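In what follows, a single structure is set out as C-alpha cells and then discussed.
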Amino acid sequence: MKMLAVQSITRAGSGHPGIAIDLAPTLYTLATRHLVVDPTSPKWINRDRLVLSAGHGSALLYSFLHLAGFDLSIDDLKSFRKLGSKTPGHPEFGIVPGVDATTGPLGQGLGMGVGMAMTQKRLEAQFGKLMSHDTFVIVGDGDLMEGVSHEVSEFAGNNNLNRLIVLYDSNDISLDGPTSRSFKTNVRQRFASYGFDTFLVEDGEDVDEIDAAIAAAKKSDRPSFVEIRTVIGRGTPNQGTNKVHGAPLSLEEIEVLKDNLNWHHEDFEVTAEVKKSFREQVLERGHQARLAWEDELHNSSQRSELLRSFAPVKLEDKQVPHFEVGAKKNGRVFGKEVLNSLAEQIPNLIGGSADLVSSTKTNIDDVGMFDADHPLGRNIPFGVHEFGMATILNGMALHGGVKVFGSTFTVFSDYMKGAIRLSALQKLPVTFVLTHDSIAVGSDGPTHQPVEQMAGLQSIPNLNVIRPGSPNEIASAWKTAIESTNKPTVIILSRQDIEELQNDNSATLLQSRGGYVSSFEHGQLSAILMANGTELPLAREAQSQLAMNGIHVRVVSMPNQDVFMRQASSFRESVLPDNQRCRIAIGMGSSLGWANLVGLDGEIIGMDSFGRSGDEADVEEMFNFTVDDVVDEVNKLVRSNRERLAS
C-alpha cells in the first residue's frame, strides 16, 4: 500500500506522500481485520462506512481500494490526479468506487461521518440488525484544528453515536511545520469531554496494537476516539518533517524508502501473494457478510419498508398543500405548514435547526426529538453549530435512508457555505431552509439583515436557490427539494407576511421553469417588473397603480433564476420578450445576479450597501422599496426608452 501510493504521487508530480506512508498500517489493519464492505457491491446499504477526512491521503485510499478488489485498476493508480481519471487529487464521491464521501476541505469529513453514524443509529432503532454497521472516520491534525470538528464531535458525544469510531493519525506535522506552533490541545482529553471513549496506540507501525484498539473501540457503548502516534513519511530521508507532507518523493528518496521497507519489486507491481491476501481478508469476508445479510433481508417483514426508505420520493400534485387566493401569513409559517404536511406522508423526512427552530418554524409536530435515548425522534437539535449542522446533513444524505433538512437565518448561511458547496459538489439532495430573508428583518439591524447571501449562494454550481414569492410557490419549492435526487436545495423564506395573489399562471411552474409570468399586462406592454420573495406583491401593487395611469407592465415571478436560464430560448422569450428592454428587477438583496435578466437597458432596485436597524417599514422606505419608488423607477425608465427611440 505504501509503495503504490508514493509511486502514484511521484508519477503524478504532486500529492501528499507523508500521510500515505504513516497511515498505511492503520488503514491496512482496519481494512483487513474490521471493515465490512463488499467491493463487488460498493453501494450495499449495510456496509461499514469509511471516511478519509484527511482527504489529502487519497493515494493511500486508492491503493487500498485497488488491492481490495474495487473497480480501480493499476492503470487508474498510474493516472492519479490526471484529468478524467478515477483517481482525482482528493477522494470524490460518485467518481471513485468505494469512496463514501468527498473530502479534502479539512474537518468536513468528520462531520459527514457523524451524520452517517447518526443515520445508522436511527435506522438500527427502526430495522434492527438489518442496519447494524460501523462508521470509521480517519482524521489528521488539520481536521482537528478546524472549528467544525468541535461542533460535530460535541453533537456525536451528546447523542451517544456509539457506532462512530474516529481514528486520529497523530504525527504532529502540518503543511507549514510542527503543529506545536499553533496546536497544543490534549486531543484525547478534549474528546473525552465530549463523551467519547478514548484510546492510545503508541506505535503506529504495530498492527496488533492498532487492531486491539479498534477492537476495544467497537465494543464501547459510546463513540470512540483512537489516537495513533505515527511518524510522517517514516522511512524517507525527510521523515518526521513537513518536507514530506505535500511534495512528491524523488526517485532517489523512493529508493531509500524501498531499502528501509525491504521492498524490491518493479513500480506498481502487486505480487500474487499480496493480491490473494487482500482479496481473502477484504473482498471474500465482506462478500460473505453481504450474502448473509441479503438472506436475512429476504426473510424480513421489514424488507419493503427498508428498501423504500432508500428510494427516491415522487409526489403527486394532490400530495402537496394548495393555498387559496387571499391566504396570508409569514413565509416561514407557510413553510411549516408545507413541511408538516409532507412529513405526515414521508416518514423518513427528518431535520432540525441551529438552535432557531422557534424562529425558522421548521419543527415537525408530534414526532419527538432525536437524542441518545430517542433515536427515532425526527426533530434534530443541532445547537448553535451551523457549519457542523450542514456537514452532518451531508453525511446523512450520503448514508441514505432519510430525507434531510436543516434551517437557520439567511444571514448565517455564511457559516455553512463550505458545506453547502460540498453538498452541491457531491450532488446530495439536502434541503437548507433559510428564513429572515432580507432587510425587512428591520430592528435586528444589519448584522441580521442578509444582503449578499443569496447572490453568493446563486454562484454555487448545482444548487437550487429558491426564494418563493407566494404560499403556493413555497409548496412548489418544497416539492422540488423533496423530489431532488442529485442536487441540494436552498429555500429562502420571509419573516414577514406573504400573500397568495390571483395569478395568471400556476405557481407549480416554479419547479419546472424557475420563473414565469405572474400577472400579464392588460394593454400595450411598456415594461416588465421582475421580483421574488416579498417583493413579488410589491411589484403587483406597482403594476396596478401604473395601469391607472395608462402604463401597462408585466410582472414576472423569478424564484429560481438558474432553472429559468436553462429553459429553452422560446420559453424565456415568452416570459421576457427580447424586444422589451424596459425591465426592472426588485430584490431586497445584492443587485448581483439580476443583470443577465434586466440587460444593459434595464434597472435594478436592490441593495448595494448594508442595511440599518429600524422598524421594517422605515427601513424599506429608506432603501426605496415602496410602491411609489417602484412606480417612479418604471416611469423614468419608460420615459428614457421613449426618448432614446425618438432620437
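Letters A, B, ... mark the chains of the C-alpha cells in the order given; residue numbers begin at 1 per chain; ligand numbers begin at 1, in order shown.
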If you take only C-alpha atoms and a cut-off of 8 Å, which residues of segment 41-84 of chain A touch segment 116-139 of chain A, and what are their nearest atom pairs and distances in Å to one decimal, in chain and number order, as CSV?
residue,atom,partner,partner_atom,distance
A:Ile45,CA,A:Met131,CA,7.9
A:Asn46,CA,A:Met131,CA,5.6
A:Arg47,CA,A:His133,CA,6.3
A:Asp48,CA,A:Asp134,CA,5.0
A:Arg49,CA,A:Thr135,CA,4.6
A:Leu50,CA,A:Phe136,CA,4.9
A:Val51,CA,A:Val137,CA,4.7
A:Leu52,CA,A:Ile138,CA,4.9
A:Ser53,CA,A:Val139,CA,5.2
A:Ala54,CA,A:Val139,CA,5.2
Restricted to C-alpha atoms, what would the selected residues look like written as an mmCIF file, in the first residue's frame?
data_model
loop_
_atom_site.group_PDB
_atom_site.id
_atom_site.type_symbol
_atom_site.label_atom_id
_atom_site.label_comp_id
_atom_site.auth_asym_id
_atom_site.auth_seq_id
_atom_site.Cartn_x
_atom_site.Cartn_y
_atom_site.Cartn_z
ATOM 1 C CA ILE A 45 -26.638 -0.278 2.216
ATOM 2 C CA ASN A 46 -25.487 -2.195 5.327
ATOM 3 C CA ARG A 47 -21.764 -1.857 4.657
ATOM 4 C CA ASP A 48 -19.469 -0.151 7.121
ATOM 5 C CA ARG A 49 -18.821 3.463 6.136
ATOM 6 C CA LEU A 50 -15.240 4.709 5.770
ATOM 7 C CA VAL A 51 -14.484 8.422 5.521
ATOM 8 C CA LEU A 52 -10.947 9.651 4.947
ATOM 9 C CA SER A 53 -11.465 13.124 6.372
ATOM 10 C CA ALA A 54 -7.767 13.794 5.804
#
Looking only at helix (DSSP H, G or I) from DSSP on the backbone, list the matching residues of segment 225-267 of chain A as a PDB file with C-alpha atoms, in the first residue's frame.
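File written: out22.pdb
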ATOM      1  CA  ASN A 242       6.878  18.965   6.853  1.00  0.00           C
ATOM      2  CA  LYS A 243       9.166  18.436   3.834  1.00  0.00           C
ATOM      3  CA  VAL A 244       7.463  15.097   3.246  1.00  0.00           C
ATOM      4  CA  LEU A 251      13.323   8.718  -7.370  1.00  0.00           C
ATOM      5  CA  GLU A 252      16.301   8.690  -5.020  1.00  0.00           C
ATOM      6  CA  GLU A 253      14.041   9.101  -1.985  1.00  0.00           C
ATOM      7  CA  ILE A 254      11.858   6.255  -3.197  1.00  0.00           C
ATOM      8  CA  GLU A 255      14.929   4.018  -3.371  1.00  0.00           C
ATOM      9  CA  VAL A 256      15.743   4.871   0.247  1.00  0.00           C
ATOM     10  CA  LEU A 257      12.173   4.005   1.234  1.00  0.00           C
ATOM     11  CA  LYS A 258      12.350   0.710  -0.670  1.00  0.00           C
ATOM     12  CA  ASP A 259      15.531  -0.245   1.169  1.00  0.00           C
ATOM     13  CA  ASN A 260      14.018   0.624   4.538  1.00  0.00           C
ATOM     14  CA  LEU A 261      10.912  -1.401   3.738  1.00  0.00           C
TER      15      LEU A 261
END
- Which residue, A:Ile350, A:Met607, A:Ala568, A:Ala547, has the smallest gap to Leu393 of chain A when you use only C-alpha atoms? A:Ile350
- Message: Quick one: residues within 9 Å of segment 193-209 of chain A, only C-alpha atoms, excluding same-chain residues fewer than 2 positions away - as a ChimeraX atom specification?
- Response: /A:22-26,28-29,150,153-158,160,162,169-170,188-191,211-214,216-217,220-231
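If only C-alpha atoms are the atoms counted, then among A:Lys479, A:His264, A:Lys417, A:Arg642 the closest residue to Met454 of chain A is A:Lys417.
Residues in contact with Gln319 of chain A at 12 Å, where only C-alpha atoms are counted and same-chain residues fewer than 6 positions away are skipped, are listed as Val313, Val338, Leu339, Asn340, Ser341, Leu342, Ala343, Glu344, Gln345, Ile346, Ala475, Ser476, Trp478, Lys479 and Ile482 of chain A.
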Take the residues that were just selected and, keeping N, CA and C atoms, output them as a tab-separated table (two decimals), in the first residue's frame.
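What landed in result_28.tsv:
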chain	number	residue	atom	x	y	z
A	313	VAL	N	-38.19	9.90	-3.74
A	313	VAL	CA	-39.58	10.22	-3.45
A	313	VAL	C	-40.16	10.99	-4.63
A	338	VAL	N	-46.34	23.45	5.08
A	338	VAL	CA	-45.97	22.54	3.99
A	338	VAL	C	-45.09	21.41	4.52
A	339	LEU	N	-44.10	21.76	5.33
A	339	LEU	CA	-43.20	20.76	5.90
A	339	LEU	C	-43.98	19.70	6.67
A	340	ASN	N	-44.90	20.12	7.52
A	340	ASN	CA	-45.64	19.17	8.33
A	340	ASN	C	-46.58	18.31	7.50
A	341	SER	N	-47.15	18.88	6.45
A	341	SER	CA	-47.99	18.08	5.56
A	341	SER	C	-47.17	16.99	4.87
A	342	LEU	N	-45.99	17.36	4.41
A	342	LEU	CA	-45.13	16.38	3.74
A	342	LEU	C	-44.61	15.34	4.73
A	343	ALA	N	-44.29	15.78	5.95
A	343	ALA	CA	-43.75	14.86	6.95
A	343	ALA	C	-44.75	13.77	7.31
A	344	GLU	N	-46.04	14.08	7.25
A	344	GLU	CA	-47.06	13.06	7.52
A	344	GLU	C	-47.04	11.96	6.46
A	345	GLN	N	-46.60	12.32	5.25
A	345	GLN	CA	-46.61	11.37	4.14
A	345	GLN	C	-45.25	10.71	3.91
A	346	ILE	N	-44.19	11.33	4.43
A	346	ILE	CA	-42.83	10.84	4.21
A	346	ILE	C	-42.22	10.55	5.58
A	475	ALA	N	-44.85	25.90	-1.44
A	475	ALA	CA	-45.19	24.48	-1.59
A	475	ALA	C	-44.44	23.86	-2.76
A	476	SER	N	-44.37	24.58	-3.86
A	476	SER	CA	-43.66	24.07	-5.03
A	476	SER	C	-42.17	23.94	-4.77
A	478	TRP	N	-40.76	23.26	-1.87
A	478	TRP	CA	-40.58	22.05	-1.07
A	478	TRP	C	-40.72	20.79	-1.93
A	479	LYS	N	-41.62	20.79	-2.88
A	479	LYS	CA	-41.76	19.65	-3.78
A	479	LYS	C	-40.48	19.46	-4.60
A	482	ILE	N	-37.88	17.90	-2.17
A	482	ILE	CA	-38.16	16.51	-1.78
A	482	ILE	C	-37.89	15.56	-2.93
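Of the residues under consideration (A:Arg495, A:His374, A:Lys86, A:Lys487), A:Lys487 shows the shortest atom-to-atom contact distance to Val430 of chain A when counting only C-alpha atoms.
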- Query: Pick from A:Thr32, A:Ser574, A:Ser174, A:Gln511: nearest to Gly246 of chain A, with only C-alpha atoms counted?
  - Reply: A:Ser174
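Interatomic distance, atom CA of Ser484 of chain A against atom CA of Phe432 of chain A: 12.8 Å.
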- Which residue gives the smallest distance to Gly377 of chain A among A:Ser518, A:Asn159, A:Ser358, A:Ser14, with only C-alpha atoms counted? A:Asn159
- All residues 7 Å or closer to Pro17 of chain A, only C-alpha atoms, same chain fewer than 3 positions away omitted, as a PyMOL selection string: chain A and resi 6+9+20-21+233+244-246+248
- Query: Excluding same-chain residues fewer than 5 positions from Gly98 of chain A, what lies within 7 Å of it counting only C-alpha atoms, as a PyMOL selection string?
  - Reply: chain A and resi 42+65+70
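Compared by their closest atoms to Leu422 of chain A, and using only C-alpha atoms, the residues A:Ala12, A:Val114, A:Ala390, A:Ala272 rank with A:Ala390 nearest.
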